[in-house]
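Asks: Take a look at the following structure, please.
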Amino acid sequence: MASMQSQANRNHYAALAANAGKLTSPQAVIDYNDVNWTALTGEPGGVDYIEVDAGGVPAMWVVPKGADEQRVLFYAHGGGFIGGSIYTHRKLVGHLAKAVGCRALLYDYPLAHQAKHPAQLEAASSAWDWLVDQGLDPKRIVIAGDSCGAVPTYGVLQRLRAQRRPLPVATLIISGWFDMALTGASYETNRDKDPAFAREAVDWLAANFIGDADRRDPEVSPLYADLSGFPPVFLQAGADETLVDESRMFAERARQAGVETRLDVFDGMLHSFQMMAGRAPEADDAIARFAAWVRPRLGLPAPGEKTSEKAA
């Protein structure tokens, strides 16, 4: 049974849907998310936030106290390309980086009213190049994102592979938006459970992002990408969200391509419920699962253990 604390996420999406008709400008949507979405997440504590220009891309270093400086989470925030920012997601990424024991680079990208695809992927690629140019080894970088953040995440992976450049060591995805063609059955089976992401709403988001472009273009719909050779991926989704089948379909595609894949679906949860980190036990459990899975891939010890490789 879902916890009482987790109801805040459901209430947020219900309120978002109820207010949608009142949010009549892009800035109104941004402001609503800044106030209401950000409030879902508890402060992780012991984390510094340092804004930086990452090769022309606004970004933020998220630095837990005592974090390993040679390992990094490279994170793309969600928001449907109409909202979300390094500020709405700094606390979520702070919880994740703190649990893993490394730094994170959380980067921004143009929202759809500012620029259509591929501007978001260009920003992600520039931020990645800047990060690697700081002397970071890609094998000590985990690439991650939530919701629409899956699009630039897998866009960066496709471009790196095409350029025969080193790939990151692993991928973490929260409630990934993988299919602009909206073929998942859960748009119907979960229609009455998910107050915010009806097929019609997500269809509008897709059109707003790419216009009349091909919705099965692999750079906008990772479900249709060649996933062979990509790093291991850990996917998380809520069982009640309309997008959950996109994670299921993507997980199957990844496994067929030979990619080590884990998918955890959380009963009673909605889209990006991990935003309740520090407030709801389901979110904290999800973060802990990510951290336990990714630490050994980064060569980091479990809590309480020591390793001589930390500063290597």
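So you can find residues: chains in the structure tokens are A, B, ... in the order shown, residues in each start at 1, and ligands are numbered from 1 in order.
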Residues of region 145-189 of chain A that have any atom at most 7 Å from an atom of region 227-250 of chain A: could you tabulate them with the shortest-distance atom pair and the distance in Å to one decimal, using only C-alpha atoms, ordered by chain and increasing number, as a tab-separated table?

Replies:
residue	atom	partner	partner_atom	distance
A:Pro168	CA	A:Pro231	CA	6.8
A:Val169	CA	A:Pro231	CA	5.8
A:Ala170	CA	A:Pro231	CA	4.9
A:Thr171	CA	A:Val233	CA	4.5
A:Leu172	CA	A:Phe234	CA	5.0
A:Ile173	CA	A:Leu235	CA	4.9
A:Ile174	CA	A:Gln236	CA	5.0
A:Ser175	CA	A:Ala237	CA	4.5
A:Gly176	CA	A:Ser247	CA	6.2
A:Trp177	CA	A:Glu246	CA	6.8
A:Phe178	CA	A:Glu246	CA	6.0
A:Asp179	CA	A:Glu246	CA	6.5
A:Gly184	CA	A:Asp245	CA	5.2
A:Ala185	CA	A:Asp245	CA	6.6
A:Ser186	CA	A:Thr242	CA	5.0
A:Tyr187	CA	A:Thr242	CA	4.5

Asks: Among region 72-258 of chain A, which ones does DSSP place in alpha helix (DSSP H), written as an MDAnalysis selection string?

Replies: chainID A and resid 90:100 119:133 150:162 186:189 199:210 244:256

Asks: Applying 10 Å and only C-alpha atoms, which residues near region 20-31 of chain A remain after dropping the ones on its own chain fewer than 4 positions away? List them as a list in words.

Replies: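 Selected residues are Ala14, Ala15, Leu16, Val35, Asn36, Trp37, Gly79, Ile82, Gly83, Gly84, Ser85, Thr88, Leu111, Ala112, His113, Gln114 and Ala196 of chain A.
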
Asks: Between A:Trp128, A:Tyr32, A:Phe209, A:Leu136, which is the closest to Pro110 (chain A) once you count only C-alpha atoms?

Replies: A:Phe209

Asks: Could you give me, as JSON, numbers by chain, the residues within 9 Å of Ala124 (chain A), counting only C-alpha atoms and dropping anything in the same chain fewer than 6 positions from it?

Replies: {"A": [57, 76, 107, 108, 109, 152, 153, 155, 156]}

Asks: Show me a table, sorted first by chain and then by increasing residue number, of the residues of region 26-104 of chain A having an atom at most 9 Å from region 272-282 of chain A, each with its shortest atom pair and the distance in Å to one decimal, counting only C-alpha atoms and written as CSV.

Replies:
residue,atom,partner,partner_atom,distance
A:Trp37,CA,A:Met275,CA,8.0
A:Thr38,CA,A:Met275,CA,8.1
A:Ala39,CA,A:Met276,CA,8.7
A:Leu40,CA,A:Met276,CA,5.1
A:Thr41,CA,A:Met276,CA,4.6
A:Gly42,CA,A:Gly278,CA,4.5
A:Glu43,CA,A:Gly278,CA,6.8
A:Pro44,CA,A:Gly278,CA,6.6
A:Gly78,CA,A:Ser272,CA,8.6
A:His89,CA,A:Met275,CA,7.8
A:Lys91,CA,A:Ala277,CA,8.2
A:Leu92,CA,A:Met275,CA,5.8
A:His95,CA,A:Ala277,CA,6.8
A:Leu96,CA,A:Ala277,CA,8.8

Asks: Using C-alpha atoms, can you write the selected residues to a file as a PDB file, in the first residue's frame?

Replies:
ATOM      1  CA  TRP A  37       7.153  20.643  -8.008  1.00  0.00           C
ATOM      2  CA  THR A  38      10.264  21.768  -6.162  1.00  0.00           C
ATOM      3  CA  ALA A  39       8.386  21.633  -2.851  1.00  0.00           C
ATOM      4  CA  LEU A  40       7.842  17.864  -3.117  1.00  0.00           C
ATOM      5  CA  THR A  41      11.501  17.113  -2.373  1.00  0.00           C
ATOM      6  CA  GLY A  42      13.114  17.313   1.041  1.00  0.00           C
ATOM      7  CA  GLU A  43      16.504  18.962   1.426  1.00  0.00           C
ATOM      8  CA  PRO A  44      19.158  16.229   1.444  1.00  0.00           C
ATOM      9  CA  GLY A  78      12.460  16.204 -16.683  1.00  0.00           C
ATOM     10  CA  HIS A  89      15.682  19.081  -9.563  1.00  0.00           C
ATOM     11  CA  LYS A  91      17.366  18.388  -4.316  1.00  0.00           C
ATOM     12  CA  LEU A  92      16.424  15.145  -6.091  1.00  0.00           C
ATOM     13  CA  HIS A  95      19.708  12.841  -2.691  1.00  0.00           C
ATOM     14  CA  LEU A  96      20.900  10.588  -5.506  1.00  0.00           C
TER      15      LEU A  96
END

Asks: Report, in Å with one decimal, the straight-line distance from CA of Phe266 (chain A) to CA of Arg10 (chain A).

Replies: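 Between CA of Phe266 (chain A) and CA of Arg10 (chain A) the gap is 13.9 Å.
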
Asks: What's around Gly80 (chain A) at 8 Å? Count only C-alpha atoms, leave out sequence neighbours fewer than 6 positions away in its own chain, and write the answer as number ranges by chain.

Replies: A: 147-148, 205

Asks: Generate a file of the selected residues that holds N, CA and C atoms, formatted as a PDB file, in the first residue's frame.

Replies:
ATOM      1  N   SER A 147      12.023  11.285 -16.860  1.00  0.00           N
ATOM      2  CA  SER A 147      10.957  11.673 -17.782  1.00  0.00           C
ATOM      3  C   SER A 147      11.536  12.048 -19.149  1.00  0.00           C
ATOM      4  N   CYS A 148      11.298  13.291 -19.609  1.00  0.00           N
ATOM      5  CA  CYS A 148      11.820  13.687 -20.918  1.00  0.00           C
ATOM      6  C   CYS A 148      13.337  13.758 -20.917  1.00  0.00           C
ATOM      7  N   LEU A 205       2.436  17.462 -25.783  1.00  0.00           N
ATOM      8  CA  LEU A 205       3.824  17.688 -25.391  1.00  0.00           C
ATOM      9  C   LEU A 205       4.786  17.272 -26.503  1.00  0.00           C
TER      10      LEU A 205
END

Asks: Region 292-306 of chain A: which residues within 12 Å, counting only C-alpha atoms, same-chain residues fewer than 2 positions away excluded, as number ranges by chain?

Replies: A: 67-73, 96-103, 137-144, 168-172, 231-235, 260-264, 285-290, 308-312

Asks: How would the residues just picked look written out with N, CA and C atoms as a CSV table (one decimal), in the first residue's frame?

Replies:
chain,number,residue,atom,x,y,z
A,67,ALA,N,32.2,13.6,-1.0
A,67,ALA,CA,31.9,12.9,-2.3
A,67,ALA,C,33.2,12.6,-3.0
A,68,ASP,N,33.3,11.5,-3.7
A,68,ASP,CA,34.4,11.2,-4.6
A,68,ASP,C,34.4,12.2,-5.7
A,69,GLU,N,35.4,12.9,-6.0
A,69,GLU,CA,35.5,13.9,-7.0
A,69,GLU,C,35.8,13.4,-8.4
A,70,GLN,N,36.2,12.1,-8.5
A,70,GLN,CA,36.5,11.6,-9.8
A,70,GLN,C,35.4,10.8,-10.4
A,71,ARG,N,34.3,10.6,-9.7
A,71,ARG,CA,33.1,10.0,-10.2
A,71,ARG,C,31.9,11.0,-10.3
A,72,VAL,N,31.2,10.9,-11.4
A,72,VAL,CA,30.1,11.9,-11.6
A,72,VAL,C,28.9,11.3,-12.1
A,73,LEU,N,27.7,11.8,-11.7
A,73,LEU,CA,26.4,11.6,-12.3
A,73,LEU,C,26.2,12.7,-13.3
A,96,LEU,N,20.3,11.7,-4.7
A,96,LEU,CA,20.9,10.6,-5.5
A,96,LEU,C,22.4,10.6,-5.4
A,97,ALA,N,23.0,11.8,-5.6
A,97,ALA,CA,24.5,11.9,-5.5
A,97,ALA,C,25.0,11.5,-4.1
A,98,LYS,N,24.3,12.0,-3.1
A,98,LYS,CA,24.7,11.7,-1.7
A,98,LYS,C,24.6,10.2,-1.5
A,99,ALA,N,23.6,9.5,-2.0
A,99,ALA,CA,23.4,8.1,-1.7
A,99,ALA,C,24.5,7.3,-2.5
A,100,VAL,N,24.9,7.8,-3.7
A,100,VAL,CA,26.0,7.1,-4.4
A,100,VAL,C,27.3,7.4,-3.8
A,101,GLY,N,27.5,8.7,-3.4
A,101,GLY,CA,28.8,9.1,-2.9
A,101,GLY,C,29.7,9.7,-3.9
A,102,CYS,N,29.1,10.4,-4.8
A,102,CYS,CA,29.9,11.1,-5.8
A,102,CYS,C,29.3,12.5,-6.2
A,103,ARG,N,29.9,13.3,-7.0
A,103,ARG,CA,29.4,14.5,-7.5
A,103,ARG,C,28.4,14.3,-8.6
A,137,ASP,N,37.1,10.7,-16.6
A,137,ASP,CA,37.1,9.5,-17.4
A,137,ASP,C,35.6,9.0,-17.6
A,138,PRO,N,35.2,8.9,-18.9
A,138,PRO,CA,33.8,8.4,-19.1
A,138,PRO,C,33.4,7.1,-18.3
A,139,LYS,N,34.4,6.3,-18.1
A,139,LYS,CA,34.1,5.1,-17.3
A,139,LYS,C,33.9,5.3,-15.8
A,140,ARG,N,34.0,6.6,-15.5
A,140,ARG,CA,33.7,6.9,-14.1
A,140,ARG,C,32.5,8.0,-14.1
A,141,ILE,N,31.7,7.9,-15.2
A,141,ILE,CA,30.6,8.8,-15.3
A,141,ILE,C,29.3,7.9,-15.5
A,142,VAL,N,28.3,8.2,-14.8
A,142,VAL,CA,27.0,7.6,-15.0
A,142,VAL,C,26.1,8.7,-15.6
A,143,ILE,N,25.4,8.3,-16.7
A,143,ILE,CA,24.5,9.2,-17.4
A,143,ILE,C,23.1,8.9,-16.9
A,144,ALA,N,22.3,10.0,-16.6
A,144,ALA,CA,21.0,9.7,-15.9
A,144,ALA,C,20.0,10.8,-16.3
A,168,PRO,N,29.7,6.3,-21.2
A,168,PRO,CA,29.7,6.3,-19.7
A,168,PRO,C,29.5,4.8,-19.2
A,169,VAL,N,29.7,4.6,-18.0
A,169,VAL,CA,29.8,3.2,-17.4
A,169,VAL,C,28.4,2.7,-17.2
A,170,ALA,N,27.4,3.5,-17.0
A,170,ALA,CA,26.0,3.0,-16.7
A,170,ALA,C,25.0,4.1,-16.9
A,171,THR,N,23.7,3.7,-16.9
A,171,THR,CA,22.6,4.7,-17.2
A,171,THR,C,21.5,4.4,-16.1
A,172,LEU,N,21.0,5.5,-15.6
A,172,LEU,CA,19.9,5.5,-14.7
A,172,LEU,C,18.7,6.3,-15.3
A,231,PRO,N,25.7,1.2,-22.4
A,231,PRO,CA,26.0,0.7,-21.0
A,231,PRO,C,24.8,0.1,-20.3
A,232,PRO,N,25.1,-0.6,-19.3
A,232,PRO,CA,24.0,-1.2,-18.5
A,232,PRO,C,23.0,-0.1,-18.0
A,233,VAL,N,21.7,-0.4,-17.9
A,233,VAL,CA,20.7,0.6,-17.6
A,233,VAL,C,19.8,0.0,-16.5
A,234,PHE,N,19.5,0.9,-15.5
A,234,PHE,CA,18.5,0.6,-14.5
A,234,PHE,C,17.4,1.6,-14.7
A,235,LEU,N,16.2,1.1,-15.0
A,235,LEU,CA,15.0,1.8,-15.2
A,235,LEU,C,14.1,1.7,-14.0
A,260,GLU,N,22.7,-5.1,-20.5
A,260,GLU,CA,22.3,-5.5,-19.1
A,260,GLU,C,21.3,-4.5,-18.7
A,261,THR,N,20.1,-5.0,-18.3
A,261,THR,CA,19.0,-4.2,-18.0
A,261,THR,C,18.3,-4.6,-16.7
A,262,ARG,N,17.9,-3.6,-15.9
A,262,ARG,CA,17.1,-3.8,-14.7
A,262,ARG,C,15.9,-2.8,-14.8
A,263,LEU,N,14.7,-3.3,-14.5
A,263,LEU,CA,13.5,-2.5,-14.5
A,263,LEU,C,12.8,-2.8,-13.2
A,264,ASP,N,12.6,-1.7,-12.4
A,264,ASP,CA,11.8,-1.8,-11.1
A,264,ASP,C,10.6,-1.0,-11.3
A,285,ASP,N,13.4,4.6,-1.0
A,285,ASP,CA,13.8,3.3,-1.3
A,285,ASP,C,14.3,3.2,-2.8
A,286,ALA,N,13.6,3.9,-3.7
A,286,ALA,CA,14.1,4.0,-5.1
A,286,ALA,C,15.5,4.5,-5.2
A,287,ILE,N,15.7,5.6,-4.5
A,287,ILE,CA,17.1,6.2,-4.6
A,287,ILE,C,18.1,5.2,-4.0
A,288,ALA,N,17.8,4.5,-2.9
A,288,ALA,CA,18.7,3.6,-2.3
A,288,ALA,C,19.0,2.4,-3.3
A,289,ARG,N,18.0,2.0,-4.1
A,289,ARG,CA,18.2,0.9,-5.1
A,289,ARG,C,19.1,1.4,-6.2
A,290,PHE,N,18.9,2.6,-6.6
A,290,PHE,CA,19.8,3.1,-7.7
A,290,PHE,C,21.3,3.1,-7.1
A,308,SER,N,40.7,1.7,-1.4
A,308,SER,CA,41.9,2.4,-1.7
A,308,SER,C,41.9,3.1,-3.1
A,309,GLU,N,40.8,2.8,-3.8
A,309,GLU,CA,40.7,3.3,-5.2
A,309,GLU,C,40.0,4.6,-5.3
A,310,LYS,N,39.4,5.0,-4.2
A,310,LYS,CA,38.6,6.2,-4.2
A,310,LYS,C,39.2,7.4,-4.9
A,311,ALA,N,40.4,7.7,-4.6
A,311,ALA,CA,41.1,8.9,-5.2
A,311,ALA,C,41.9,8.5,-6.4
A,312,ALA,N,41.7,7.3,-6.9
A,312,ALA,CA,42.5,6.9,-8.1
A,312,ALA,C,42.1,7.6,-9.4

Asks: Tell me, which residues of region 55-142 of chain A carry DSSP strand (DSSP E), written as a VMD selection string?

Replies: chain A and resid 58 to 64 68 to 76 102 to 107 141 to 142

Asks: Those same residues - N, CA, C and O atoms - I'd like them written as an mmCIF file, in the first residue's frame.

Replies:
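Output contents, as saved in result_0.cif:
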data_model
loop_
_atom_site.group_PDB
_atom_site.id
_atom_site.type_symbol
_atom_site.label_atom_id
_atom_site.label_comp_id
_atom_site.auth_asym_id
_atom_site.auth_seq_id
_atom_site.Cartn_x
_atom_site.Cartn_y
_atom_site.Cartn_z
ATOM 1 N N PRO A 58 23.921 26.317 -19.063
ATOM 2 C CA PRO A 58 23.756 26.512 -17.621
ATOM 3 C C PRO A 58 23.709 25.160 -16.910
ATOM 4 O O PRO A 58 22.978 24.251 -17.319
ATOM 5 N N ALA A 59 24.473 25.013 -15.856
ATOM 6 C CA ALA A 59 24.553 23.732 -15.158
ATOM 7 C C ALA A 59 24.844 23.986 -13.688
ATOM 8 O O ALA A 59 25.087 25.123 -13.262
ATOM 9 N N MET A 60 24.813 22.921 -12.925
ATOM 10 C CA MET A 60 25.015 23.019 -11.486
ATOM 11 C C MET A 60 25.783 21.795 -11.000
ATOM 12 O O MET A 60 25.375 20.661 -11.257
ATOM 13 N N TRP A 61 26.885 22.036 -10.330
ATOM 14 C CA TRP A 61 27.551 20.970 -9.608
ATOM 15 C C TRP A 61 26.775 20.691 -8.324
ATOM 16 O O TRP A 61 26.476 21.615 -7.557
ATOM 17 N N VAL A 62 26.457 19.435 -8.105
ATOM 18 C CA VAL A 62 25.787 18.977 -6.890
ATOM 19 C C VAL A 62 26.819 18.140 -6.145
ATOM 20 O O VAL A 62 27.215 17.074 -6.617
ATOM 21 N N VAL A 63 27.277 18.652 -4.998
ATOM 22 C CA VAL A 63 28.467 18.097 -4.356
ATOM 23 C C VAL A 63 28.171 17.708 -2.907
ATOM 24 O O VAL A 63 28.195 18.556 -2.010
ATOM 25 N N PRO A 64 27.889 16.429 -2.642
ATOM 26 C CA PRO A 64 27.731 15.995 -1.251
ATOM 27 C C PRO A 64 29.051 16.101 -0.493
ATOM 28 O O PRO A 64 30.134 15.953 -1.071
ATOM 29 N N ASP A 68 33.287 11.511 -3.684
ATOM 30 C CA ASP A 68 34.405 11.219 -4.575
ATOM 31 C C ASP A 68 34.353 12.198 -5.748
ATOM 32 O O ASP A 68 33.333 12.307 -6.437
ATOM 33 N N GLU A 69 35.447 12.890 -5.994
ATOM 34 C CA GLU A 69 35.467 13.932 -7.020
ATOM 35 C C GLU A 69 35.751 13.394 -8.411
ATOM 36 O O GLU A 69 35.596 14.126 -9.395
ATOM 37 N N GLN A 70 36.180 12.144 -8.516
ATOM 38 C CA GLN A 70 36.517 11.572 -9.817
ATOM 39 C C GLN A 70 35.370 10.789 -10.445
ATOM 40 O O GLN A 70 35.492 10.309 -11.559
ATOM 41 N N ARG A 71 34.273 10.638 -9.704
ATOM 42 C CA ARG A 71 33.084 9.971 -10.230
ATOM 43 C C ARG A 71 31.942 10.984 -10.293
ATOM 44 O O ARG A 71 31.772 11.798 -9.380
ATOM 45 N N VAL A 72 31.152 10.916 -11.354
ATOM 46 C CA VAL A 72 30.136 11.949 -11.579
ATOM 47 C C VAL A 72 28.859 11.330 -12.146
ATOM 48 O O VAL A 72 28.911 10.430 -13.004
ATOM 49 N N LEU A 73 27.719 11.834 -11.671
ATOM 50 C CA LEU A 73 26.429 11.585 -12.317
ATOM 51 C C LEU A 73 26.154 12.749 -13.264
ATOM 52 O O LEU A 73 26.191 13.909 -12.841
ATOM 53 N N PHE A 74 25.879 12.459 -14.519
ATOM 54 C CA PHE A 74 25.573 13.477 -15.526
ATOM 55 C C PHE A 74 24.071 13.422 -15.740
ATOM 56 O O PHE A 74 23.559 12.458 -16.310
ATOM 57 N N TYR A 75 23.336 14.451 -15.277
ATOM 58 C CA TYR A 75 21.886 14.320 -15.098
ATOM 59 C C TYR A 75 21.090 15.314 -15.934
ATOM 60 O O TYR A 75 21.347 16.528 -15.921
ATOM 61 N N ALA A 76 20.057 14.773 -16.629
ATOM 62 C CA ALA A 76 19.105 15.566 -17.414
ATOM 63 C C ALA A 76 17.760 15.588 -16.706
ATOM 64 O O ALA A 76 17.123 14.551 -16.526
ATOM 65 N N CYS A 102 29.118 10.425 -4.838
ATOM 66 C CA CYS A 102 29.915 11.136 -5.840
ATOM 67 C C CYS A 102 29.269 12.471 -6.150
ATOM 68 O O CYS A 102 28.191 12.787 -5.655
ATOM 69 N N ARG A 103 29.937 13.261 -6.990
ATOM 70 C CA ARG A 103 29.362 14.519 -7.462
ATOM 71 C C ARG A 103 28.353 14.251 -8.580
ATOM 72 O O ARG A 103 28.330 13.178 -9.180
ATOM 73 N N ALA A 104 27.538 15.268 -8.862
ATOM 74 C CA ALA A 104 26.661 15.225 -10.030
ATOM 75 C C ALA A 104 26.767 16.539 -10.781
ATOM 76 O O ALA A 104 26.967 17.597 -10.171
ATOM 77 N N LEU A 105 26.648 16.467 -12.101
ATOM 78 C CA LEU A 105 26.502 17.662 -12.922
ATOM 79 C C LEU A 105 25.089 17.642 -13.490
ATOM 80 O O LEU A 105 24.744 16.794 -14.312
ATOM 81 N N LEU A 106 24.277 18.562 -13.017
ATOM 82 C CA LEU A 106 22.887 18.715 -13.444
ATOM 83 C C LEU A 106 22.841 19.867 -14.432
ATOM 84 O O LEU A 106 23.206 20.994 -14.089
ATOM 85 N N TYR A 107 22.413 19.590 -15.667
ATOM 86 C CA TYR A 107 22.481 20.631 -16.699
ATOM 87 C C TYR A 107 21.096 21.018 -17.194
ATOM 88 O O TYR A 107 20.127 20.268 -17.096
ATOM 89 N N ILE A 141 31.745 7.942 -15.168
ATOM 90 C CA ILE A 141 30.571 8.807 -15.289
ATOM 91 C C ILE A 141 29.342 7.933 -15.505
ATOM 92 O O ILE A 141 29.352 7.004 -16.324
ATOM 93 N N VAL A 142 28.284 8.231 -14.777
ATOM 94 C CA VAL A 142 26.972 7.611 -14.992
ATOM 95 C C VAL A 142 26.076 8.666 -15.622
ATOM 96 O O VAL A 142 25.989 9.797 -15.133
#

Asks: Expressed in Å to a single decimal, how great is the separation between CA of Asp194 (chain A) and CA of Ala150 (chain A)?

Replies: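 CA of Asp194 (chain A) sits 20.1 Å away from CA of Ala150 (chain A).
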
Asks: In Å, rounded to a single decimal, give me how far CA of Leu121 (chain A) is from CA of Ile210 (chain A).

Replies: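 Going from CA of Ile210 (chain A) over to CA of Leu121 (chain A) covers 12.1 Å.
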